[in-house]
>>> print(open('coords04.pdb').read())   # PDB, C-alpha atoms
ATOM      1  CA  MET A   1     -14.040   1.257 -16.644  1.00  0.00           C
ATOM      2  CA  LEU A   2     -10.984  -0.950 -16.262  1.00  0.00           C
ATOM      3  CA  TRP A   3      -9.806  -2.978 -13.276  1.00  0.00           C
ATOM      4  CA  MET A   4      -6.207  -3.660 -12.509  1.00  0.00           C
ATOM      5  CA  LYS A   5      -4.476  -5.642  -9.788  1.00  0.00           C
ATOM      6  CA  ARG A   6      -0.964  -4.945  -8.555  1.00  0.00           C
ATOM      7  CA  ARG A   7       1.034  -7.271  -6.289  1.00  0.00           C
ATOM      8  CA  TYR A   8       4.231  -6.313  -4.487  1.00  0.00           C
ATOM      9  CA  LEU A   9       6.622  -8.038  -2.076  1.00  0.00           C
ATOM     10  CA  VAL A  10       8.437  -5.605   0.218  1.00  0.00           C
ATOM     11  CA  PRO A  11      11.756  -6.696   1.784  1.00  0.00           C
ATOM     12  CA  ILE A  12      12.133  -5.709   5.441  1.00  0.00           C
ATOM     13  CA  HIS A  13      15.455  -4.895   7.130  1.00  0.00           C
ATOM     14  CA  GLY A  14      15.833  -3.521  10.649  1.00  0.00           C
ATOM     15  CA  GLY A  15      12.047  -3.397  11.040  1.00  0.00           C
ATOM     16  CA  CYS A  16      11.623  -1.079   8.028  1.00  0.00           C
ATOM     17  CA  GLY A  17      10.909  -1.374   4.324  1.00  0.00           C
ATOM     18  CA  GLU A  18       9.702   0.749   1.449  1.00  0.00           C
ATOM     19  CA  LEU A  19       7.801   0.214  -1.785  1.00  0.00           C
ATOM     20  CA  LYS A  20       7.331   2.589  -4.704  1.00  0.00           C
ATOM     21  CA  THR A  21       4.348   1.514  -6.813  1.00  0.00           C
ATOM     22  CA  ASP A  22       3.972   1.708 -10.550  1.00  0.00           C
ATOM     23  CA  GLU A  23       2.175   4.834 -11.777  1.00  0.00           C
ATOM     24  CA  LEU A  24      -1.509   4.499 -10.875  1.00  0.00           C
ATOM     25  CA  HIS A  25      -4.695   6.300 -11.858  1.00  0.00           C
ATOM     26  CA  GLY A  26      -8.207   5.870 -10.478  1.00  0.00           C
ATOM     27  CA  LEU A  27      -9.510   4.563  -7.178  1.00  0.00           C
ATOM     28  CA  ILE A  28      -7.733   1.943  -5.098  1.00  0.00           C
ATOM     29  CA  GLN A  29     -10.786  -0.076  -4.038  1.00  0.00           C
ATOM     30  CA  GLN A  30      -8.881  -2.534  -1.850  1.00  0.00           C
ATOM     31  CA  ILE A  31      -5.517  -2.587  -0.080  1.00  0.00           C
ATOM     32  CA  VAL A  32      -4.412  -5.910   1.381  1.00  0.00           C
ATOM     33  CA  VAL A  33      -1.249  -6.021   3.492  1.00  0.00           C
ATOM     34  CA  GLU A  34      -0.130  -9.472   4.583  1.00  0.00           C
ATOM     35  CA  PRO A  35       2.922 -10.078   6.757  1.00  0.00           C
ATOM     36  CA  THR A  36       4.647 -13.465   6.627  1.00  0.00           C
ATOM     37  CA  LYS A  37       3.641 -14.223  10.232  1.00  0.00           C
ATOM     38  CA  LEU A  38       0.108 -13.402  11.364  1.00  0.00           C
ATOM     39  CA  ASP A  39       1.301 -12.125  14.768  1.00  0.00           C
ATOM     40  CA  THR A  40       3.627  -9.522  13.204  1.00  0.00           C
ATOM     41  CA  VAL A  41       2.864  -5.958  14.296  1.00  0.00           C
ATOM     42  CA  TRP A  42       3.611  -3.199  11.787  1.00  0.00           C
ATOM     43  CA  SER A  43       3.001   0.473  10.999  1.00  0.00           C
ATOM     44  CA  LEU A  44       2.491   1.926   7.521  1.00  0.00           C
ATOM     45  CA  ARG A  45       2.540   5.363   5.940  1.00  0.00           C
ATOM     46  CA  VAL A  46       1.358   5.801   2.342  1.00  0.00           C
ATOM     47  CA  LEU A  47       2.732   8.958   0.710  1.00  0.00           C
ATOM     48  CA  ASP A  48       1.621  10.636  -2.524  1.00  0.00           C
ATOM     49  CA  ARG A  49       3.826  12.401  -5.091  1.00  0.00           C
ATOM     50  CA  ASP A  50       3.989  15.492  -2.838  1.00  0.00           C
ATOM     51  CA  ASN A  51       5.136  13.354   0.136  1.00  0.00           C
ATOM     52  CA  ASP A  52       1.823  13.977   1.914  1.00  0.00           C
ATOM     53  CA  ASP A  53       0.402  11.161   4.047  1.00  0.00           C
ATOM     54  CA  VAL A  54      -2.692   9.754   2.351  1.00  0.00           C
ATOM     55  CA  LEU A  55      -2.967   6.769   4.700  1.00  0.00           C
ATOM     56  CA  ASN A  56      -1.425   6.220   8.120  1.00  0.00           C
ATOM     57  CA  ILE A  57      -1.781   2.966  10.057  1.00  0.00           C
ATOM     58  CA  LYS A  58      -0.115   2.474  13.453  1.00  0.00           C
ATOM     59  CA  ASP A  59       0.649  -0.774  15.283  1.00  0.00           C
ATOM     60  CA  HIS A  60      -1.523  -3.100  13.192  1.00  0.00           C
ATOM     61  CA  GLU A  61      -1.241  -6.831  13.899  1.00  0.00           C
ATOM     62  CA  GLY A  62      -1.569  -9.389  11.125  1.00  0.00           C
ATOM     63  CA  ILE A  63      -3.443  -8.938   7.844  1.00  0.00           C
ATOM     64  CA  LEU A  64      -5.087  -5.680   6.773  1.00  0.00           C
ATOM     65  CA  ASN A  65      -7.933  -5.760   4.232  1.00  0.00           C
ATOM     66  CA  ASP A  66      -8.918  -2.114   3.727  1.00  0.00           C
ATOM     67  CA  ARG A  67     -11.846  -1.349   1.385  1.00  0.00           C
ATOM     68  CA  GLN A  68     -12.396   2.333   2.220  1.00  0.00           C
ATOM     69  CA  GLY A  69     -11.138   3.501  -1.178  1.00  0.00           C
ATOM     70  CA  LEU A  70      -8.161   5.725  -1.890  1.00  0.00           C
ATOM     71  CA  PRO A  71      -8.116   8.033  -4.946  1.00  0.00           C
ATOM     72  CA  VAL A  72      -4.814   8.202  -6.772  1.00  0.00           C
ATOM     73  CA  GLY A  73      -3.576  10.195  -9.768  1.00  0.00           C
ATOM     74  CA  LYS A  74      -6.537  12.557 -10.094  1.00  0.00           C
ATOM     75  CA  ASP A  75      -5.047  14.694 -12.893  1.00  0.00           C
ATOM     76  CA  THR A  76      -2.199  12.455 -14.094  1.00  0.00           C
ATOM     77  CA  PRO A  77      -1.030   8.960 -13.135  1.00  0.00           C
ATOM     78  CA  GLU A  78       1.184   8.939 -10.047  1.00  0.00           C
ATOM     79  CA  TYR A  79       3.088   6.512  -7.915  1.00  0.00           C
ATOM     80  CA  LEU A  80       2.626   6.008  -4.186  1.00  0.00           C
ATOM     81  CA  ARG A  81       5.251   5.169  -1.577  1.00  0.00           C
ATOM     82  CA  PHE A  82       4.402   2.576   1.058  1.00  0.00           C
ATOM     83  CA  VAL A  83       6.731   3.018   4.044  1.00  0.00           C
ATOM     84  CA  PHE A  84       6.676   0.207   6.614  1.00  0.00           C
ATOM     85  CA  GLU A  85       8.078   0.971  10.065  1.00  0.00           C
ATOM     86  CA  GLU A  86       8.270  -0.592  13.511  1.00  0.00           C
ATOM     87  CA  MET A  87       7.839  -4.151  12.224  1.00  0.00           C
ATOM     88  CA  THR A  88       8.305  -6.865  14.816  1.00  0.00           C
ATOM     89  CA  ALA A  89       9.702  -9.325  12.221  1.00  0.00           C
ATOM     90  CA  ASN A  90      12.337  -8.867   9.524  1.00  0.00           C
ATOM     91  CA  GLU A  91      10.445 -10.861   6.919  1.00  0.00           C
ATOM     92  CA  PRO A  92       8.940  -9.761   3.594  1.00  0.00           C
ATOM     93  CA  ILE A  93       5.446  -8.297   3.603  1.00  0.00           C
ATOM     94  CA  LYS A  94       2.966  -8.626   0.713  1.00  0.00           C
ATOM     95  CA  VAL A  95       0.911  -5.731  -0.646  1.00  0.00           C
ATOM     96  CA  LEU A  96      -2.041  -6.212  -3.013  1.00  0.00           C
ATOM     97  CA  LEU A  97      -3.855  -3.277  -4.650  1.00  0.00           C
ATOM     98  CA  ASN A  98      -7.143  -3.628  -6.547  1.00  0.00           C
ATOM     99  CA  ILE A  99      -7.629  -0.484  -8.589  1.00  0.00           C
ATOM    100  CA  LYS A 100     -10.623   0.751 -10.542  1.00  0.00           C
ATOM    101  CA  GLU A 101      -9.367   2.975 -13.339  1.00  0.00           C
ATOM    102  CA  VAL A 102     -11.700   5.876 -13.965  1.00  0.00           C
ATOM    103  CA  LYS A 103     -11.007   7.694 -17.223  1.00  0.00           C
TER     104      LYS A 103
END
>>> encode(input="coords04.pdb", output="structure tokens")
Amino acid sequence: MLWMKRRYLVPIHGGCGELKTDELHGLIQQIVVEPTKLDTVWSLRVLDRDNDDVLNIKDHEGILNDRQGLPVGKDTPEYLRFVFEEMTANEPIKVLLNIKEVK
């Protein structure tokens, strides 16, 4: 079993921004989303390779530290798209993924 950590910084323009991850495989054990300002409200859709929503968060304020677990790349490694919308600040937002690779 291997652990990997991925960090991303998503630029925001007009209240929106998008991130395409590296190819991932395993179980995302933790997703941390941290806006620049703690009072920033944001919405997020996470889409898989088929453009299906695998996570949908609406009107969240401040930092998110989600540990529910999100499987990714069951048969082959895949990338995810993180689509930020309705942000109340046009400042970069950080995304941290802690992934347990199951092979």
>>> resolve_selection(input="coords04.pdb", expression="the PyMOL selection byres ((chain A and resi 10) around 8)", output="ChimeraX atom specification")
/A:8-9,11-12,17-19,92-95
>>> residues_near_point(input="coords04.pdb", point="(-10.5, -2.7, 3.1)", cutoff="10 Å", atoms="only C-alpha atoms", output="list of chain:residue names")
A:Ile28, A:Gln29, A:Gln30, A:Ile31, A:Val32, A:Val33, A:Leu64, A:Asn65, A:Asp66, A:Arg67, A:Gln68, A:Gly69
>>> resolve_selection(input="coords04.pdb", expression="the PyMOL selection byres ((chain A and resi 37-40) around 9)", output="PyMOL selection string")
chain A and resi 34-36+41-42+60-63+87-89+91
>>> closest_residue(input="coords04.pdb", among="A:Met4, A:Glu85, A:Ile57, A:Val46", to="Leu24 in chain A", atoms="all atoms listed in the file")
A:Met4
>>> residues_around(input="coords04.pdb", residues="Leu44 in chain A", least_positions_apart="2", cutoff="6 Å", atoms="only C-alpha atoms", output="list in words")
Asn56, Ile57, Val83 and Phe84 of chain A
>>> atom_distance(input="coords04.pdb", atom1="CA of Gly73 in chain A", atom2="CA of Asp50 in chain A")
11.5 Å
>>> atom_distance(input="coords04.pdb", atom1="CA of Arg49 in chain A", atom2="CA of Asn90 in chain A")
27.2 Å
>>> residues_around(input="coords04.pdb", residues="Asp53 in chain A", least_positions_apart="5", cutoff="12 Å", atoms="all atoms listed in the file", output="compact mmCIF listing (two decimals) with C-alpha atoms, in the coordinates of the input")
# COMPACT_ATOMS: atom_id res chain seq x y z
CA LEU A 44 2.49 1.93 7.52
CA ARG A 45 2.54 5.36 5.94
CA VAL A 46 1.36 5.80 2.34
CA LEU A 47 2.73 8.96 0.71
CA ASP A 48 1.62 10.64 -2.52
CA LEU A 70 -8.16 5.72 -1.89
CA LEU A 80 2.63 6.01 -4.19
CA ARG A 81 5.25 5.17 -1.58
CA PHE A 82 4.40 2.58 1.06
CA VAL A 83 6.73 3.02 4.04
>>> atom_distance(input="coords04.pdb", atom1="CA of Cys16 in chain A", atom2="CA of Ile99 in chain A")
25.4 Å
>>> closest_residue(input="coords04.pdb", among="A:Leu55, A:Leu2, A:Glu101, A:Leu96", to="Thr76 in chain A", atoms="all atoms listed in the file")
A:Glu101
>>> axis_aligned_box(input="coords04.pdb", around="range 17-33 of chain A", padding_each_side="4 Å", output="AutoDock Vina command-line options")
--center_x 0.1 --center_y 0.1 --center_z -3.8 --size_x 29.7 --size_y 20.3 --size_z 24.2
>>> residues_near_point(input="coords04.pdb", point="(-2.9, -4.0, -6.7)", cutoff="6 Å", atoms="all atoms listed in the file", output="list in words")
Lys5, Arg6, Arg7, Leu96, Leu97 and Asn98 of chain A
>>> resolve_selection(input="coords04.pdb", expression="the PyMOL selection byres ((chain A and resi 25) around 10)", output="PyMOL selection string")
chain A and resi 22-24+26-28+71-79+99-103
>>> write_last_selection(input="coords04.pdb", atoms="C-alpha atoms", output="mmCIF file, in the coordinates of the input")
data_model
loop_
_atom_site.group_PDB
_atom_site.id
_atom_site.type_symbol
_atom_site.label_atom_id
_atom_site.label_comp_id
_atom_site.auth_asym_id
_atom_site.auth_seq_id
_atom_site.Cartn_x
_atom_site.Cartn_y
_atom_site.Cartn_z
ATOM 1 C CA ASP A 22 3.972 1.708 -10.550
ATOM 2 C CA GLU A 23 2.175 4.834 -11.777
ATOM 3 C CA LEU A 24 -1.509 4.499 -10.875
ATOM 4 C CA GLY A 26 -8.207 5.870 -10.478
ATOM 5 C CA LEU A 27 -9.510 4.563 -7.178
ATOM 6 C CA ILE A 28 -7.733 1.943 -5.098
ATOM 7 C CA PRO A 71 -8.116 8.033 -4.946
ATOM 8 C CA VAL A 72 -4.814 8.202 -6.772
ATOM 9 C CA GLY A 73 -3.576 10.195 -9.768
ATOM 10 C CA LYS A 74 -6.537 12.557 -10.094
ATOM 11 C CA ASP A 75 -5.047 14.694 -12.893
ATOM 12 C CA THR A 76 -2.199 12.455 -14.094
ATOM 13 C CA PRO A 77 -1.030 8.960 -13.135
ATOM 14 C CA GLU A 78 1.184 8.939 -10.047
ATOM 15 C CA TYR A 79 3.088 6.512 -7.915
ATOM 16 C CA ILE A 99 -7.629 -0.484 -8.589
ATOM 17 C CA LYS A 100 -10.623 0.751 -10.542
ATOM 18 C CA GLU A 101 -9.367 2.975 -13.339
ATOM 19 C CA VAL A 102 -11.700 5.876 -13.965
ATOM 20 C CA LYS A 103 -11.007 7.694 -17.223
#
